[in-house]
Amino acid sequence: MARVFSGIQPSGELHIGNYLGAVQNWVRMQDQHECIFSIVDLHAITQPYDREGLAQRTLDMGIGLLAAGIDPARTILFVQSHVAEHSELSWILTTVTPLGELERQTQYKDKSQRLESVPAGLLSYPILQTADVLLYQAGLVPVGEDQLQHLELMREVARRWNARYGDGFFPEPQAQLTRAKRVLGLDGHAKMSKSLGNTIGLLESPESIWEKLRPAATDPARKTRKDPGNPDLCNVFTIHQGFSPPDVQAHVAQQCRTAGWGCLDCKRVLADQMIAALTPIRERAAQLQADPGGVRTLLRAGAERARAIARRTMAEVRRRMGFLESAGD
């Protein structure tokens, strides 16, 4: 059984983009692999953030993941900063990571262009990602296509460290591409993001789901009710593919192509499917929100399990690199 690692930033309440792009896949993977999932709060501080709300957003993300189906009995779920070995291995891996490779990362180039002063942490972000995965010697990393460049860097860093110290100690992680299509925001233009206000939260009420979905952008070619559409170009249909069963998807696509329905009809069916899928999640989340201490206990227990693996990895890393043994090694 392969070991999987993946992380998500503590943005607070999950939205449907997180769910369709990552979390839905994580829930499925629990039945197939040994899974380790982390709320990566250290990654979240590489750009300006709300310090006062970080802890609550981290807790809310934990609640969302548990409510969505992450099972702490089968999966290790923890907060990244609760396992100090992530930071230690990240520093160690900086010594074998070429600067040029970091500067070539597309996400770094995009983000750094928007900043007057670029923090070193933004440049080193992929090294911390690499440490996250290698610390648990994970062989599989579920990613979207936009993360493949970072994964190739992980493999390069693992090769370099192994060549110098490891003799194959770190596996070269393989990508497991997520099946979900890229979900745009409700505006149909930008990536789904809370800061852009183009999301639907996983825990929103049925009324709020319909209120947000109703004005969502659809196929731009459908200017009138009688114009046939192309579901392959419609972001609302992409969301259908995440929530609606195949027979409903086929019917919706046919009605779109023949102009049998207007876009509002398509959205109403989608709203019904989303409400049916998300109501149980919202109800589980309400139970978890009523017991935040219990959620903290689950996350701490996950960190203990993660730390046990991380300590073994780091003891071997230090030994191979020639560090003087400490009392804990």
# chains A, B, ... in the order shown; residues from 1 in each chain; ligands from 1
$ residues_around --residues "A:Val4" --least-positions-apart "2" --cutoff "6 Å" --atoms "only C-alpha atoms" --output "number ranges by chain"
A: 35-36, 138, 140-141
$ residues_around --residues "stretch 67-80 of chain A" --least-positions-apart "2" --cutoff "7 Å" --atoms "only C-alpha atoms" --output "MDAnalysis selection string"
chainID A and resid 27 30 34:42 63:65 82:83 281 284:285 299:300 302:303 305:306
$ write_last_selection --atoms "N, CA and C atoms" --output "mmCIF file, in the first residue's frame"
data_model
loop_
_atom_site.group_PDB
_atom_site.id
_atom_site.type_symbol
_atom_site.label_atom_id
_atom_site.label_comp_id
_atom_site.auth_asym_id
_atom_site.auth_seq_id
_atom_site.Cartn_x
_atom_site.Cartn_y
_atom_site.Cartn_z
ATOM 1 N N VAL A 27 -10.714 11.840 0.238
ATOM 2 C CA VAL A 27 -11.654 10.928 0.898
ATOM 3 C C VAL A 27 -11.639 9.567 0.205
ATOM 4 N N GLN A 30 -8.455 7.291 0.941
ATOM 5 C CA GLN A 30 -8.341 6.628 2.244
ATOM 6 C C GLN A 30 -8.599 5.132 2.153
ATOM 7 N N GLU A 34 -2.210 4.427 2.344
ATOM 8 C CA GLU A 34 -1.899 4.958 3.674
ATOM 9 C C GLU A 34 -1.759 6.482 3.515
ATOM 10 N N CYS A 35 -2.704 7.225 4.053
ATOM 11 C CA CYS A 35 -2.791 8.665 3.772
ATOM 12 C C CYS A 35 -2.363 9.520 4.955
ATOM 13 N N ILE A 36 -1.599 10.558 4.642
ATOM 14 C CA ILE A 36 -1.203 11.576 5.612
ATOM 15 C C ILE A 36 -1.589 12.926 5.018
ATOM 16 N N PHE A 37 -2.480 13.644 5.696
ATOM 17 C CA PHE A 37 -2.949 14.935 5.215
ATOM 18 C C PHE A 37 -2.662 15.997 6.276
ATOM 19 N N SER A 38 -2.209 17.160 5.817
ATOM 20 C CA SER A 38 -1.798 18.200 6.746
ATOM 21 C C SER A 38 -2.419 19.545 6.402
ATOM 22 N N ILE A 39 -2.756 20.289 7.443
ATOM 23 C CA ILE A 39 -3.155 21.689 7.285
ATOM 24 C C ILE A 39 -1.872 22.493 7.370
ATOM 25 N N VAL A 40 -1.424 23.020 6.228
ATOM 26 C CA VAL A 40 -0.054 23.533 6.120
ATOM 27 C C VAL A 40 -0.003 25.029 6.470
ATOM 28 N N ASP A 41 -0.011 25.292 7.772
ATOM 29 C CA ASP A 41 -0.010 26.679 8.234
ATOM 30 C C ASP A 41 1.320 27.374 8.023
ATOM 31 N N LEU A 42 2.424 26.623 7.952
ATOM 32 C CA LEU A 42 3.726 27.264 7.684
ATOM 33 C C LEU A 42 3.770 27.825 6.262
ATOM 34 N N ILE A 63 -12.154 21.215 10.884
ATOM 35 C CA ILE A 63 -13.569 20.860 10.964
ATOM 36 C C ILE A 63 -14.103 20.507 9.579
ATOM 37 N N GLY A 64 -13.762 21.318 8.588
ATOM 38 C CA GLY A 64 -14.239 21.065 7.228
ATOM 39 C C GLY A 64 -13.747 19.739 6.677
ATOM 40 N N LEU A 65 -12.481 19.429 6.908
ATOM 41 C CA LEU A 65 -11.927 18.179 6.402
ATOM 42 C C LEU A 65 -12.574 16.966 7.076
ATOM 43 N N HIS A 82 2.750 21.779 14.081
ATOM 44 C CA HIS A 82 2.801 20.957 15.284
ATOM 45 C C HIS A 82 3.862 19.870 15.201
ATOM 46 N N VAL A 83 4.485 19.727 14.030
ATOM 47 C CA VAL A 83 5.555 18.745 13.835
ATOM 48 C C VAL A 83 6.790 19.516 13.367
ATOM 49 N N ILE A 281 -22.662 16.987 5.050
ATOM 50 C CA ILE A 281 -21.386 17.580 5.461
ATOM 51 C C ILE A 281 -21.641 18.749 6.411
ATOM 52 N N ARG A 284 -22.613 17.398 9.826
ATOM 53 C CA ARG A 284 -21.464 16.884 10.581
ATOM 54 C C ARG A 284 -20.602 18.028 11.093
ATOM 55 N N ALA A 285 -20.440 19.061 10.276
ATOM 56 C CA ALA A 285 -19.643 20.210 10.684
ATOM 57 C C ALA A 285 -20.258 20.904 11.893
ATOM 58 N N LEU A 299 -6.668 16.642 16.186
ATOM 59 C CA LEU A 299 -5.522 17.176 15.440
ATOM 60 C C LEU A 299 -4.214 16.937 16.197
ATOM 61 N N ARG A 300 -4.258 17.057 17.526
ATOM 62 C CA ARG A 300 -3.047 16.783 18.314
ATOM 63 C C ARG A 300 -2.669 15.305 18.228
ATOM 64 N N GLY A 302 -3.298 13.366 15.735
ATOM 65 C CA GLY A 302 -2.725 13.196 14.405
ATOM 66 C C GLY A 302 -1.282 13.654 14.358
ATOM 67 N N ALA A 303 -0.991 14.762 15.037
ATOM 68 C CA ALA A 303 0.389 15.274 15.070
ATOM 69 C C ALA A 303 1.319 14.300 15.780
ATOM 70 N N ARG A 305 1.036 11.043 15.837
ATOM 71 C CA ARG A 305 1.295 9.941 14.903
ATOM 72 C C ARG A 305 2.256 10.387 13.807
ATOM 73 N N ALA A 306 2.064 11.603 13.307
ATOM 74 C CA ALA A 306 2.961 12.125 12.272
ATOM 75 C C ALA A 306 4.370 12.307 12.831
#
$ residues_around --residues "stretch 238-243 of chain A" --least-positions-apart "6" --cutoff "10 Å" --atoms "only C-alpha atoms" --output "PDB file with all heavy atoms, in the first residue's frame"
ATOM      1  N   ILE A  16     -16.251  24.850  -2.511  1.00  0.00           N
ATOM      2  CA  ILE A  16     -16.444  23.731  -3.432  1.00  0.00           C
ATOM      3  C   ILE A  16     -15.248  23.533  -4.361  1.00  0.00           C
ATOM      4  O   ILE A  16     -15.023  22.423  -4.860  1.00  0.00           O
ATOM      5  CB  ILE A  16     -17.747  23.860  -4.249  1.00  0.00           C
ATOM      6  CG1 ILE A  16     -17.740  25.110  -5.125  1.00  0.00           C
ATOM      7  CG2 ILE A  16     -18.961  23.836  -3.325  1.00  0.00           C
ATOM      8  CD1 ILE A  16     -18.890  25.131  -6.147  1.00  0.00           C
ATOM      9  N   GLY A  17     -14.463  24.587  -4.593  1.00  0.00           N
ATOM     10  CA  GLY A  17     -13.252  24.418  -5.387  1.00  0.00           C
ATOM     11  C   GLY A  17     -12.250  23.528  -4.671  1.00  0.00           C
ATOM     12  O   GLY A  17     -11.646  22.637  -5.285  1.00  0.00           O
ATOM     13  N   TYR A  19     -13.037  21.335  -2.430  1.00  0.00           N
ATOM     14  CA  TYR A  19     -13.660  20.024  -2.309  1.00  0.00           C
ATOM     15  C   TYR A  19     -13.513  19.216  -3.598  1.00  0.00           C
ATOM     16  O   TYR A  19     -13.063  18.062  -3.585  1.00  0.00           O
ATOM     17  CB  TYR A  19     -15.132  20.199  -1.950  1.00  0.00           C
ATOM     18  CG  TYR A  19     -15.887  18.906  -1.754  1.00  0.00           C
ATOM     19  CD1 TYR A  19     -15.578  18.054  -0.701  1.00  0.00           C
ATOM     20  CD2 TYR A  19     -16.917  18.544  -2.620  1.00  0.00           C
ATOM     21  CE1 TYR A  19     -16.271  16.860  -0.519  1.00  0.00           C
ATOM     22  CE2 TYR A  19     -17.622  17.358  -2.438  1.00  0.00           C
ATOM     23  CZ  TYR A  19     -17.293  16.520  -1.380  1.00  0.00           C
ATOM     24  OH  TYR A  19     -17.980  15.349  -1.210  1.00  0.00           O
ATOM     25  N   LEU A  20     -13.860  19.825  -4.730  1.00  0.00           N
ATOM     26  CA  LEU A  20     -13.799  19.103  -6.008  1.00  0.00           C
ATOM     27  C   LEU A  20     -12.362  18.910  -6.472  1.00  0.00           C
ATOM     28  O   LEU A  20     -12.034  17.896  -7.092  1.00  0.00           O
ATOM     29  CB  LEU A  20     -14.600  19.851  -7.075  1.00  0.00           C
ATOM     30  CG  LEU A  20     -16.097  20.009  -6.805  1.00  0.00           C
ATOM     31  CD1 LEU A  20     -16.754  20.775  -7.942  1.00  0.00           C
ATOM     32  CD2 LEU A  20     -16.773  18.664  -6.603  1.00  0.00           C
ATOM     33  N   GLY A  21     -11.506  19.888  -6.181  1.00  0.00           N
ATOM     34  CA  GLY A  21     -10.128  19.812  -6.665  1.00  0.00           C
ATOM     35  C   GLY A  21      -9.230  18.917  -5.850  1.00  0.00           C
ATOM     36  O   GLY A  21      -8.253  18.379  -6.373  1.00  0.00           O
ATOM     37  N   GLN A  24     -12.356  15.820  -2.100  1.00  0.00           N
ATOM     38  CA  GLN A  24     -13.163  14.685  -2.551  1.00  0.00           C
ATOM     39  C   GLN A  24     -12.259  13.513  -2.932  1.00  0.00           C
ATOM     40  O   GLN A  24     -12.561  12.351  -2.633  1.00  0.00           O
ATOM     41  CB  GLN A  24     -14.017  15.131  -3.740  1.00  0.00           C
ATOM     42  CG  GLN A  24     -15.175  14.233  -4.079  1.00  0.00           C
ATOM     43  CD  GLN A  24     -15.991  14.802  -5.243  1.00  0.00           C
ATOM     44  OE1 GLN A  24     -15.468  15.065  -6.332  1.00  0.00           O
ATOM     45  NE2 GLN A  24     -17.274  15.018  -5.028  1.00  0.00           N
ATOM     46  N   ARG A 179      -8.612  13.748 -10.714  1.00  0.00           N
ATOM     47  CA  ARG A 179      -9.537  13.529 -11.837  1.00  0.00           C
ATOM     48  C   ARG A 179     -10.395  14.763 -12.126  1.00  0.00           C
ATOM     49  O   ARG A 179     -10.920  14.919 -13.213  1.00  0.00           O
ATOM     50  CB  ARG A 179     -10.447  12.339 -11.527  1.00  0.00           C
ATOM     51  CG  ARG A 179      -9.721  11.016 -11.540  1.00  0.00           C
ATOM     52  CD  ARG A 179     -10.679   9.866 -11.330  1.00  0.00           C
ATOM     53  NE  ARG A 179     -11.131   9.776  -9.945  1.00  0.00           N
ATOM     54  CZ  ARG A 179     -12.028   8.886  -9.525  1.00  0.00           C
ATOM     55  NH1 ARG A 179     -12.552   8.036 -10.380  1.00  0.00           N
ATOM     56  NH2 ARG A 179     -12.393   8.864  -8.266  1.00  0.00           N
ATOM     57  N   ALA A 180     -10.539  15.623 -11.129  1.00  0.00           N
ATOM     58  CA  ALA A 180     -11.431  16.773 -11.295  1.00  0.00           C
ATOM     59  C   ALA A 180     -10.858  17.774 -12.291  1.00  0.00           C
ATOM     60  O   ALA A 180      -9.655  18.033 -12.322  1.00  0.00           O
ATOM     61  CB  ALA A 180     -11.655  17.467  -9.958  1.00  0.00           C
ATOM     62  N   LYS A 181     -11.728  18.316 -13.116  1.00  0.00           N
ATOM     63  CA  LYS A 181     -11.312  19.420 -13.978  1.00  0.00           C
ATOM     64  C   LYS A 181     -11.058  20.655 -13.128  1.00  0.00           C
ATOM     65  O   LYS A 181     -11.530  20.762 -12.001  1.00  0.00           O
ATOM     66  CB  LYS A 181     -12.407  19.739 -14.998  1.00  0.00           C
ATOM     67  CG  LYS A 181     -12.559  18.745 -16.121  1.00  0.00           C
ATOM     68  CD  LYS A 181     -13.564  19.277 -17.129  1.00  0.00           C
ATOM     69  CE  LYS A 181     -13.708  18.350 -18.317  1.00  0.00           C
ATOM     70  NZ  LYS A 181     -14.675  18.897 -19.309  1.00  0.00           N
ATOM     71  N   ARG A 182     -10.318  21.589 -13.687  1.00  0.00           N
ATOM     72  CA  ARG A 182     -10.080  22.834 -12.982  1.00  0.00           C
ATOM     73  C   ARG A 182     -11.394  23.604 -12.866  1.00  0.00           C
ATOM     74  O   ARG A 182     -12.062  23.856 -13.860  1.00  0.00           O
ATOM     75  CB  ARG A 182      -9.049  23.676 -13.742  1.00  0.00           C
ATOM     76  CG  ARG A 182      -8.689  24.987 -13.052  1.00  0.00           C
ATOM     77  CD  ARG A 182      -7.466  25.587 -13.739  1.00  0.00           C
ATOM     78  NE  ARG A 182      -7.109  26.863 -13.135  1.00  0.00           N
ATOM     79  CZ  ARG A 182      -7.364  28.039 -13.681  1.00  0.00           C
ATOM     80  NH1 ARG A 182      -7.988  28.094 -14.849  1.00  0.00           N
ATOM     81  NH2 ARG A 182      -6.999  29.155 -13.091  1.00  0.00           N
ATOM     82  N   VAL A 183     -11.755  23.952 -11.626  1.00  0.00           N
ATOM     83  CA  VAL A 183     -13.010  24.648 -11.385  1.00  0.00           C
ATOM     84  C   VAL A 183     -12.729  26.140 -11.238  1.00  0.00           C
ATOM     85  O   VAL A 183     -11.991  26.563 -10.347  1.00  0.00           O
ATOM     86  CB  VAL A 183     -13.706  24.124 -10.110  1.00  0.00           C
ATOM     87  CG1 VAL A 183     -15.020  24.859  -9.887  1.00  0.00           C
ATOM     88  CG2 VAL A 183     -13.949  22.627 -10.219  1.00  0.00           C
ATOM     89  N   LEU A 184     -13.310  26.912 -12.145  1.00  0.00           N
ATOM     90  CA  LEU A 184     -13.182  28.357 -12.034  1.00  0.00           C
ATOM     91  C   LEU A 184     -14.176  28.882 -11.008  1.00  0.00           C
ATOM     92  O   LEU A 184     -15.095  28.175 -10.578  1.00  0.00           O
ATOM     93  CB  LEU A 184     -13.436  29.012 -13.392  1.00  0.00           C
ATOM     94  CG  LEU A 184     -12.455  28.664 -14.506  1.00  0.00           C
ATOM     95  CD1 LEU A 184     -12.899  29.304 -15.816  1.00  0.00           C
ATOM     96  CD2 LEU A 184     -11.039  29.105 -14.151  1.00  0.00           C
ATOM     97  N   LEU A 186     -17.258  31.435  -9.645  1.00  0.00           N
ATOM     98  CA  LEU A 186     -18.594  31.632 -10.190  1.00  0.00           C
ATOM     99  C   LEU A 186     -18.635  32.715 -11.261  1.00  0.00           C
ATOM    100  O   LEU A 186     -19.587  32.782 -12.037  1.00  0.00           O
ATOM    101  CB  LEU A 186     -19.567  31.980  -9.052  1.00  0.00           C
ATOM    102  CG  LEU A 186     -19.715  30.902  -7.970  1.00  0.00           C
ATOM    103  CD1 LEU A 186     -20.666  31.377  -6.893  1.00  0.00           C
ATOM    104  CD2 LEU A 186     -20.188  29.577  -8.558  1.00  0.00           C
ATOM    105  N   PRO A 231     -21.765  22.484 -23.297  1.00  0.00           N
ATOM    106  CA  PRO A 231     -21.450  22.237 -21.893  1.00  0.00           C
ATOM    107  C   PRO A 231     -19.955  22.127 -21.617  1.00  0.00           C
ATOM    108  O   PRO A 231     -19.508  22.385 -20.499  1.00  0.00           O
ATOM    109  CB  PRO A 231     -22.182  20.921 -21.582  1.00  0.00           C
ATOM    110  CG  PRO A 231     -22.481  20.311 -22.915  1.00  0.00           C
ATOM    111  CD  PRO A 231     -22.632  21.446 -23.868  1.00  0.00           C
ATOM    112  N   ASP A 232     -19.178  21.756 -22.646  1.00  0.00           N
ATOM    113  CA  ASP A 232     -17.731  21.647 -22.454  1.00  0.00           C
ATOM    114  C   ASP A 232     -17.082  23.004 -22.185  1.00  0.00           C
ATOM    115  O   ASP A 232     -15.959  23.070 -21.685  1.00  0.00           O
ATOM    116  CB  ASP A 232     -17.072  21.013 -23.681  1.00  0.00           C
ATOM    117  CG  ASP A 232     -17.545  19.585 -23.904  1.00  0.00           C
ATOM    118  OD1 ASP A 232     -17.889  18.911 -22.904  1.00  0.00           O
ATOM    119  OD2 ASP A 232     -17.596  19.145 -25.070  1.00  0.00           O
ATOM    120  N   GLN A 249     -25.874  14.293 -15.520  1.00  0.00           N
ATOM    121  CA  GLN A 249     -24.936  15.041 -16.361  1.00  0.00           C
ATOM    122  C   GLN A 249     -25.308  14.907 -17.837  1.00  0.00           C
ATOM    123  O   GLN A 249     -25.304  15.904 -18.577  1.00  0.00           O
ATOM    124  CB  GLN A 249     -23.511  14.539 -16.150  1.00  0.00           C
ATOM    125  CG  GLN A 249     -22.912  14.825 -14.794  1.00  0.00           C
ATOM    126  CD  GLN A 249     -21.508  14.247 -14.677  1.00  0.00           C
ATOM    127  OE1 GLN A 249     -20.725  14.268 -15.626  1.00  0.00           O
ATOM    128  NE2 GLN A 249     -21.193  13.705 -13.516  1.00  0.00           N
ATOM    129  N   ALA A 250     -25.602  13.694 -18.268  1.00  0.00           N
ATOM    130  CA  ALA A 250     -25.933  13.460 -19.681  1.00  0.00           C
ATOM    131  C   ALA A 250     -27.201  14.216 -20.061  1.00  0.00           C
ATOM    132  O   ALA A 250     -27.284  14.811 -21.156  1.00  0.00           O
ATOM    133  CB  ALA A 250     -26.109  11.963 -19.929  1.00  0.00           C
ATOM    134  N   VAL A 252     -28.449  16.942 -18.590  1.00  0.00           N
ATOM    135  CA  VAL A 252     -28.161  18.374 -18.574  1.00  0.00           C
ATOM    136  C   VAL A 252     -27.429  18.778 -19.852  1.00  0.00           C
ATOM    137  O   VAL A 252     -27.751  19.792 -20.489  1.00  0.00           O
ATOM    138  CB  VAL A 252     -27.319  18.742 -17.333  1.00  0.00           C
ATOM    139  CG1 VAL A 252     -26.764  20.160 -17.444  1.00  0.00           C
ATOM    140  CG2 VAL A 252     -28.156  18.605 -16.061  1.00  0.00           C
ATOM    141  N   ALA A 253     -26.435  17.971 -20.252  1.00  0.00           N
ATOM    142  CA  ALA A 253     -25.664  18.294 -21.458  1.00  0.00           C
ATOM    143  C   ALA A 253     -26.562  18.311 -22.698  1.00  0.00           C
ATOM    144  O   ALA A 253     -26.438  19.195 -23.558  1.00  0.00           O
ATOM    145  CB  ALA A 253     -24.536  17.281 -21.635  1.00  0.00           C
ATOM    146  N   CYS A 266     -30.663  24.681 -15.738  1.00  0.00           N
ATOM    147  CA  CYS A 266     -29.464  23.894 -15.469  1.00  0.00           C
ATOM    148  C   CYS A 266     -28.954  24.174 -14.054  1.00  0.00           C
ATOM    149  O   CYS A 266     -28.585  23.255 -13.306  1.00  0.00           O
ATOM    150  CB  CYS A 266     -28.394  24.234 -16.507  1.00  0.00           C
ATOM    151  SG  CYS A 266     -26.755  23.589 -16.153  1.00  0.00           S
ATOM    152  N   LYS A 267     -28.965  25.445 -13.674  1.00  0.00           N
ATOM    153  CA  LYS A 267     -28.470  25.819 -12.346  1.00  0.00           C
ATOM    154  C   LYS A 267     -29.372  25.299 -11.240  1.00  0.00           C
ATOM    155  O   LYS A 267     -28.901  24.933 -10.157  1.00  0.00           O
ATOM    156  CB  LYS A 267     -28.341  27.343 -12.257  1.00  0.00           C
ATOM    157  CG  LYS A 267     -27.253  27.931 -13.136  1.00  0.00           C
ATOM    158  CD  LYS A 267     -27.305  29.446 -13.094  1.00  0.00           C
ATOM    159  CE  LYS A 267     -26.301  30.082 -14.042  1.00  0.00           C
ATOM    160  NZ  LYS A 267     -26.416  31.560 -14.059  1.00  0.00           N
ATOM    161  N   VAL A 269     -31.110  22.514 -11.245  1.00  0.00           N
ATOM    162  CA  VAL A 269     -30.803  21.099 -11.066  1.00  0.00           C
ATOM    163  C   VAL A 269     -29.483  20.952 -10.311  1.00  0.00           C
ATOM    164  O   VAL A 269     -29.353  20.117  -9.402  1.00  0.00           O
ATOM    165  CB  VAL A 269     -30.745  20.373 -12.425  1.00  0.00           C
ATOM    166  CG1 VAL A 269     -30.231  18.940 -12.256  1.00  0.00           C
ATOM    167  CG2 VAL A 269     -32.115  20.364 -13.075  1.00  0.00           C
ATOM    168  N   LEU A 270     -28.496  21.758 -10.673  1.00  0.00           N
ATOM    169  CA  LEU A 270     -27.209  21.709  -9.984  1.00  0.00           C
ATOM    170  C   LEU A 270     -27.371  22.066  -8.512  1.00  0.00           C
ATOM    171  O   LEU A 270     -26.799  21.406  -7.634  1.00  0.00           O
ATOM    172  CB  LEU A 270     -26.202  22.647 -10.650  1.00  0.00           C
ATOM    173  CG  LEU A 270     -24.849  22.790  -9.932  1.00  0.00           C
ATOM    174  CD1 LEU A 270     -24.167  21.432  -9.775  1.00  0.00           C
ATOM    175  CD2 LEU A 270     -23.945  23.759 -10.698  1.00  0.00           C
ATOM    176  N   ALA A 271     -28.136  23.094  -8.235  1.00  0.00           N
ATOM    177  CA  ALA A 271     -28.354  23.484  -6.841  1.00  0.00           C
ATOM    178  C   ALA A 271     -28.944  22.327  -6.041  1.00  0.00           C
ATOM    179  O   ALA A 271     -28.514  22.050  -4.911  1.00  0.00           O
ATOM    180  CB  ALA A 271     -29.265  24.711  -6.772  1.00  0.00           C
ATOM    181  N   ASP A 272     -29.911  21.638  -6.619  1.00  0.00           N
ATOM    182  CA  ASP A 272     -30.537  20.501  -5.928  1.00  0.00           C
ATOM    183  C   ASP A 272     -29.513  19.399  -5.651  1.00  0.00           C
ATOM    184  O   ASP A 272     -29.504  18.798  -4.567  1.00  0.00           O
ATOM    185  CB  ASP A 272     -31.690  19.936  -6.757  1.00  0.00           C
ATOM    186  CG  ASP A 272     -32.883  20.882  -6.834  1.00  0.00           C
ATOM    187  OD1 ASP A 272     -32.970  21.800  -5.988  1.00  0.00           O
ATOM    188  OD2 ASP A 272     -33.720  20.710  -7.754  1.00  0.00           O
ATOM    189  N   GLN A 273     -28.655  19.128  -6.631  1.00  0.00           N
ATOM    190  CA  GLN A 273     -27.628  18.093  -6.451  1.00  0.00           C
ATOM    191  C   GLN A 273     -26.614  18.517  -5.390  1.00  0.00           C
ATOM    192  O   GLN A 273     -26.192  17.694  -4.555  1.00  0.00           O
ATOM    193  CB  GLN A 273     -26.918  17.819  -7.782  1.00  0.00           C
ATOM    194  CG  GLN A 273     -27.793  17.242  -8.869  1.00  0.00           C
ATOM    195  CD  GLN A 273     -28.277  15.835  -8.564  1.00  0.00           C
ATOM    196  OE1 GLN A 273     -27.588  15.064  -7.896  1.00  0.00           O
ATOM    197  NE2 GLN A 273     -29.462  15.483  -9.049  1.00  0.00           N
ATOM    198  N   MET A 274     -26.202  19.774  -5.416  1.00  0.00           N
ATOM    199  CA  MET A 274     -25.238  20.265  -4.430  1.00  0.00           C
ATOM    200  C   MET A 274     -25.819  20.220  -3.026  1.00  0.00           C
ATOM    201  O   MET A 274     -25.149  19.811  -2.071  1.00  0.00           O
ATOM    202  CB  MET A 274     -24.809  21.694  -4.784  1.00  0.00           C
ATOM    203  CG  MET A 274     -23.937  21.794  -6.012  1.00  0.00           C
ATOM    204  SD  MET A 274     -23.526  23.515  -6.425  1.00  0.00           S
ATOM    205  CE  MET A 274     -22.590  23.997  -4.978  1.00  0.00           C
ATOM    206  N   ILE A 275     -27.059  20.652  -2.899  1.00  0.00           N
ATOM    207  CA  ILE A 275     -27.705  20.664  -1.582  1.00  0.00           C
ATOM    208  C   ILE A 275     -27.791  19.250  -1.020  1.00  0.00           C
ATOM    209  O   ILE A 275     -27.502  19.007   0.161  1.00  0.00           O
ATOM    210  CB  ILE A 275     -29.093  21.331  -1.674  1.00  0.00           C
ATOM    211  CG1 ILE A 275     -28.928  22.837  -1.943  1.00  0.00           C
ATOM    212  CG2 ILE A 275     -29.899  21.093  -0.402  1.00  0.00           C
ATOM    213  CD1 ILE A 275     -30.199  23.521  -2.410  1.00  0.00           C
ATOM    214  N   ALA A 276     -28.136  18.290  -1.875  1.00  0.00           N
ATOM    215  CA  ALA A 276     -28.231  16.896  -1.433  1.00  0.00           C
ATOM    216  C   ALA A 276     -26.871  16.373  -0.975  1.00  0.00           C
ATOM    217  O   ALA A 276     -26.770  15.639   0.019  1.00  0.00           O
ATOM    218  CB  ALA A 276     -28.779  16.027  -2.554  1.00  0.00           C
ATOM    219  N   ALA A 277     -25.812  16.742  -1.690  1.00  0.00           N
ATOM    220  CA  ALA A 277     -24.469  16.252  -1.355  1.00  0.00           C
ATOM    221  C   ALA A 277     -23.878  16.956  -0.134  1.00  0.00           C
ATOM    222  O   ALA A 277     -23.163  16.337   0.669  1.00  0.00           O
ATOM    223  CB  ALA A 277     -23.541  16.438  -2.556  1.00  0.00           C
ATOM    224  N   LEU A 278     -24.173  18.246   0.010  1.00  0.00           N
ATOM    225  CA  LEU A 278     -23.506  19.044   1.045  1.00  0.00           C
ATOM    226  C   LEU A 278     -24.255  19.092   2.373  1.00  0.00           C
ATOM    227  O   LEU A 278     -23.648  19.403   3.406  1.00  0.00           O
ATOM    228  CB  LEU A 278     -23.282  20.469   0.536  1.00  0.00           C
ATOM    229  CG  LEU A 278     -22.388  20.596  -0.707  1.00  0.00           C
ATOM    230  CD1 LEU A 278     -22.220  22.061  -1.089  1.00  0.00           C
ATOM    231  CD2 LEU A 278     -21.025  19.949  -0.465  1.00  0.00           C
TER     232      LEU A 278
END
$ select_by_dssp --residues "stretch 133-275 of chain A" --states "strand (DSSP E or B)" --output "ChimeraX atom specification"
/A:140-143,174-177,184,191,201
$ write_last_selection --atoms "C-alpha atoms" --output "compact mmCIF listing (two decimals), in the first residue's frame"
# COMPACT_ATOMS: atom_id res chain seq x y z
CA LEU A 140 2.39 9.40 -4.08
CA VAL A 141 1.34 13.04 -4.13
CA PRO A 142 -2.14 13.94 -5.45
CA VAL A 143 -1.75 17.11 -7.50
CA GLN A 174 5.16 10.19 -8.09
CA ALA A 175 2.26 12.41 -9.11
CA GLN A 176 -1.28 11.17 -8.91
CA LEU A 177 -3.20 13.60 -11.07
CA LEU A 184 -13.18 28.36 -12.03
CA LYS A 191 -9.65 30.54 -9.97
CA GLY A 201 -18.68 27.49 0.86
$ select_by_dssp --residues "stretch 149-290 of chain A" --states "alpha helix (DSSP H)" --output "ChimeraX atom specification"
/A:149-161,206-213,235-243,246-257,263-289
$ closest_atom_pairs --of "stretch 257-329 of chain A" --to "stretch 128-133 of chain A" --cutoff "12 Å" --atoms "only C-alpha atoms" --output "CSV"
residue,atom,partner,partner_atom,distance
A:Ala306,CA,A:Asp132,CA,10.8
A:Arg307,CA,A:Asp132,CA,11.9
A:Ile309,CA,A:Val133,CA,11.9
A:Ala310,CA,A:Asp132,CA,9.7
A:Thr313,CA,A:Ala131,CA,11.0
A:Met314,CA,A:Ala131,CA,10.8
A:Val317,CA,A:Ala131,CA,11.9
$ residues_around --residues "stretch 46-61 of chain A" --least-positions-apart "6" --cutoff "12 Å" --atoms "only C-alpha atoms" --output "VMD selection string"
chain A and resid 7 to 15 18 to 19 23 37 to 40 67 to 68 70 77 to 82 108 111 to 112 114 to 115 117 to 126 128 195 201 to 203 285 to 286 288 to 300
